[in-house]
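What follows is one structure encoded as structure tokens, with my remarks underneath.
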Amino acid sequence: LDPNVTDQRAIMKLNINVGNQSLVDQFEWDMSDPANSPEEFARSLCAELGLGGEFTSAIAYSIRGQLQWNQRTYAFSESPQPTVECTFRYVSCAPPLDPNVTDQRAIMKLNINVGNQSLVDQFEWDMSDPANSPEEFARSLCAELGLGGEFTSAIAYSIRGQLQWNQRTYAFSESPQPTVECTFRNPSESEAWGPFLETLTDAEIEKKMRDQDRNTRRMRRLVGGGFNF
């Protein structure tokens with residue numbers, strides 16, 4: 001990381017299960033501050049929530065794994081946003097996308113759970129346009145749907161993860177997205193290409209999150225060098 005940059009934030013996600021207790025959380029972590037300690041944070045969080053020592057070690061382990069992942073994939077924009085905006089970009093170890101190709105679209109899929117609310121959506125994203133911002137898209141989508149809380153950061157986090165995956169695999173794709181002839185989709189496809197919000201029971205949310213965790217671990221193993229957090 002660049003020692004001259006004082007704002008190098010990344011999103012940490014926790015999904016810890018110990019016995020019959022489950023902890024789900026999400027927060028920003030400033031990787032440029034050497035005083036930030038995963039162990040100290042874990043102890044403080046567990047003290048606030050009244051959680052035992054097993055949670056402390058599991059939380060610290062998860063944060064350290066995510067920090068290693070983010071430090072390997074972290075890069076800075078040549079024109080960083082103001083402090084309140086996102087100042088980092090994820091890059092892959094694969095060769096950069098072809099700058100001479102102006103249509104490098106990938107399908108983004110969202111499956112976000114916050115509390116008992118579930119958001120499912122899919123859309124196309126042009127990776128060749130550097131002006132496309134996951135954070136700005138997330139804020140706009142949440143404003144349209146009336147969503148608050150952690151949805152904004154969760155959506156941006158999901159998009160960035162998928163962009164990293166697609167940047168690694170785009171050059172090897174045998175079926176890129178077809179050239180767009182018409183900007184309007186067939187009405188018969190409208191349900192598959194629009195946001196879907198629903199409220200689930202606790203049991204439904206728990207099952208859905210377990211399934212997502214398994215899929216996330218599988219995808220990170222395929223990417224290579226990922227961490228199971």
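Every chain in the structure tokens takes a letter, A first, then B, and so on in the order presented; its residues are numbered from 1, and the ligands are numbered from 1 following the presented order.
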Query raised in the report: Gln104 of chain A: which residues within 6 Å, counting only C-alpha atoms, same-chain residues fewer than 2 positions away excluded, as an MDAnalysis selection string?
Result: chainID A and resid 126:128
Counting only C-alpha atoms, what is within 12 Å of Arg139 of chain A, bar same-chain residues fewer than 2 positions away, as a PDB file with C-alpha atoms, in the first residue's frame?
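Saved to part_38.pdb:
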```pdb
ATOM      1  CA  GLU A  85     -16.507   9.141  -1.679  1.00  0.00           C
ATOM      2  CA  CYS A  86     -14.821   5.846  -2.478  1.00  0.00           C
ATOM      3  CA  SER A 133     -18.840   3.655 -10.305  1.00  0.00           C
ATOM      4  CA  PRO A 134     -20.248   0.795  -8.186  1.00  0.00           C
ATOM      5  CA  GLU A 135     -20.708   3.194  -5.268  1.00  0.00           C
ATOM      6  CA  GLU A 136     -22.620   5.750  -7.339  1.00  0.00           C
ATOM      7  CA  PHE A 137     -24.758   3.018  -8.896  1.00  0.00           C
ATOM      8  CA  LEU A 141     -30.450   2.178  -6.942  1.00  0.00           C
ATOM      9  CA  CYS A 142     -31.111   2.474  -3.207  1.00  0.00           C
ATOM     10  CA  ALA A 143     -32.620   5.936  -3.698  1.00  0.00           C
ATOM     11  CA  GLU A 144     -34.965   4.574  -6.387  1.00  0.00           C
ATOM     12  CA  LEU A 145     -36.049   1.610  -4.246  1.00  0.00           C
ATOM     13  CA  GLY A 146     -36.196   3.497  -0.956  1.00  0.00           C
ATOM     14  CA  LEU A 147     -33.540   1.295   0.636  1.00  0.00           C
ATOM     15  CA  GLY A 148     -31.276   2.435   3.435  1.00  0.00           C
ATOM     16  CA  GLY A 149     -29.037   0.949   6.068  1.00  0.00           C
ATOM     17  CA  GLU A 150     -26.352  -1.386   4.754  1.00  0.00           C
ATOM     18  CA  PHE A 151     -27.843  -1.954   1.309  1.00  0.00           C
ATOM     19  CA  THR A 152     -25.733   0.744  -0.376  1.00  0.00           C
ATOM     20  CA  SER A 153     -22.354  -0.573   0.758  1.00  0.00           C
ATOM     21  CA  ALA A 154     -23.436  -4.206   0.278  1.00  0.00           C
ATOM     22  CA  ILE A 155     -24.465  -3.562  -3.338  1.00  0.00           C
ATOM     23  CA  ALA A 156     -21.213  -1.738  -4.142  1.00  0.00           C
TER      24      ALA A 156
END
```
Query raised in the report: What's the 9 Å shell around Leu67 of chain A, counting only C-alpha atoms, without same-chain residues fewer than 3 positions away, as a list in words?
Result: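 What passes the distance filter is Ala10, Met12, Trp29, Met31, Ser62, Ile63, Arg64, Asn70, Gln71 and Arg72 of chain A.
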Please, could you write that set of residues out with C-alpha atoms as a PDB file, in the first residue's frame?
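Output saved as selection04.pdb:
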```pdb
ATOM      1  CA  ALA A  10     -11.914  -1.358   2.311  1.00  0.00           C
ATOM      2  CA  MET A  12     -15.000  -5.808   5.821  1.00  0.00           C
ATOM      3  CA  TRP A  29     -11.530  -0.485   7.557  1.00  0.00           C
ATOM      4  CA  MET A  31      -5.791  -0.106   5.822  1.00  0.00           C
ATOM      5  CA  SER A  62     -11.834 -13.171   9.242  1.00  0.00           C
ATOM      6  CA  ILE A  63     -10.661  -9.549   9.206  1.00  0.00           C
ATOM      7  CA  ARG A  64      -7.019 -10.537   8.679  1.00  0.00           C
ATOM      8  CA  ASN A  70      -7.719  -6.354  -0.195  1.00  0.00           C
ATOM      9  CA  GLN A  71      -4.044  -5.449   0.068  1.00  0.00           C
ATOM     10  CA  ARG A  72      -3.319  -7.723  -2.905  1.00  0.00           C
TER      11      ARG A  72
END
```
Query raised in the report: Near Ser44 of chain A, within 12 Å and counting only C-alpha atoms, which residues show up once chain neighbours fewer than 4 positions away are dropped, as an MDAnalysis selection string?
Result: chainID A and resid 37:40 48:53 55:57 59:60
Report task. Point out the residue among A:Gln117, A:Phe41, A:Asp33, A:Ser22 with the least atom-to-atom distance to Leu200 of chain A, counting only C-alpha atoms. Result ->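 Checking each of A:Gln117, A:Phe41, A:Asp33, A:Ser22 against Leu200 of chain A, counting only C-alpha atoms, the winner is A:Gln117.
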Requested in this report: Pull the helix (DSSP H, G or I) assignments for segment 113-220 of chain A out of DSSP run on the backbone, and list those residues as a PyMOL selection string.
Outcome: chain A and resi 134-145+151-172+187-193+202-220
Selected residues, C-alpha atoms, written as a compact mmCIF listing (two decimals), in the first residue's frame, please.
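And here's selection.txt as it stands now:
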```txt
# COMPACT_ATOMS: atom_id res chain seq x y z
CA PRO A 134 -20.25 0.80 -8.19
CA GLU A 135 -20.71 3.19 -5.27
CA GLU A 136 -22.62 5.75 -7.34
CA PHE A 137 -24.76 3.02 -8.90
CA ALA A 138 -25.53 1.60 -5.45
CA ARG A 139 -26.58 4.99 -4.10
CA SER A 140 -28.81 5.62 -7.10
CA LEU A 141 -30.45 2.18 -6.94
CA CYS A 142 -31.11 2.47 -3.21
CA ALA A 143 -32.62 5.94 -3.70
CA GLU A 144 -34.97 4.57 -6.39
CA LEU A 145 -36.05 1.61 -4.25
CA PHE A 151 -27.84 -1.95 1.31
CA THR A 152 -25.73 0.74 -0.38
CA SER A 153 -22.35 -0.57 0.76
CA ALA A 154 -23.44 -4.21 0.28
CA ILE A 155 -24.47 -3.56 -3.34
CA ALA A 156 -21.21 -1.74 -4.14
CA TYR A 157 -19.17 -4.51 -2.48
CA SER A 158 -20.97 -7.18 -4.51
CA ILE A 159 -20.46 -5.34 -7.80
CA ARG A 160 -16.74 -4.81 -7.16
CA GLY A 161 -16.25 -8.49 -6.37
CA GLN A 162 -17.99 -9.50 -9.59
CA LEU A 163 -16.00 -6.96 -11.60
CA GLN A 164 -12.78 -8.46 -10.30
CA TRP A 165 -13.93 -11.94 -11.31
CA ASN A 166 -15.00 -10.78 -14.77
CA GLN A 167 -11.77 -8.85 -15.36
CA ARG A 168 -9.83 -12.04 -14.66
CA THR A 169 -11.95 -14.19 -16.96
CA TYR A 170 -13.13 -11.80 -19.69
CA ALA A 171 -10.23 -12.51 -22.07
CA PHE A 172 -11.02 -16.24 -21.93
CA PRO A 187 -41.10 -7.27 -22.55
CA SER A 188 -41.02 -11.03 -21.99
CA GLU A 189 -37.59 -10.60 -20.32
CA SER A 190 -38.58 -7.71 -18.09
CA GLU A 191 -39.12 -9.77 -14.94
CA ALA A 192 -35.62 -11.25 -15.14
CA TRP A 193 -33.96 -7.84 -15.58
CA ASP A 202 -35.58 -15.62 9.86
CA ALA A 203 -35.29 -19.26 8.74
CA GLU A 204 -35.46 -18.32 5.05
CA ILE A 205 -32.80 -15.62 5.48
CA GLU A 206 -30.49 -18.00 7.37
CA LYS A 207 -30.78 -20.68 4.67
CA LYS A 208 -30.23 -18.16 1.90
CA MET A 209 -27.10 -16.75 3.55
CA ARG A 210 -25.65 -20.24 4.07
CA ASP A 211 -26.13 -20.98 0.38
CA GLN A 212 -24.50 -17.67 -0.57
CA ASP A 213 -21.51 -18.33 1.70
CA ARG A 214 -20.89 -21.69 0.05
CA ASN A 215 -21.06 -20.11 -3.39
CA THR A 216 -18.72 -17.26 -2.36
CA ARG A 217 -16.09 -19.70 -1.09
CA ARG A 218 -16.34 -21.71 -4.29
CA MET A 219 -15.90 -18.61 -6.47
CA ARG A 220 -12.87 -17.43 -4.50
```
Query raised in the report: Counting only C-alpha atoms, what is within 9 Å of segment 18-21 of chain A, bar same-chain residues fewer than 2 positions away, as a VMD selection string?
Result: chain A and resid 16 23 54 to 55 58
How about saving the chosen residues, N, CA and C atoms kept, as a compact mmCIF listing (two decimals), in the first residue's frame?
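New file selection.txt:
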```
# COMPACT_ATOMS: atom_id res chain seq x y z
N ILE A 16 -20.16 -14.80 11.02
CA ILE A 16 -19.53 -15.73 11.96
C ILE A 16 -20.60 -16.55 12.67
N LEU A 23 -23.27 -14.01 13.97
CA LEU A 23 -22.97 -12.58 13.89
C LEU A 23 -22.76 -12.20 12.43
N GLU A 54 -14.57 -17.30 21.72
CA GLU A 54 -14.51 -17.99 20.43
C GLU A 54 -14.85 -17.03 19.29
N PHE A 55 -15.78 -16.11 19.56
CA PHE A 55 -16.12 -15.11 18.55
C PHE A 55 -14.94 -14.17 18.31
N ALA A 58 -12.44 -15.73 15.96
CA ALA A 58 -13.03 -15.93 14.63
C ALA A 58 -13.15 -14.60 13.88
```
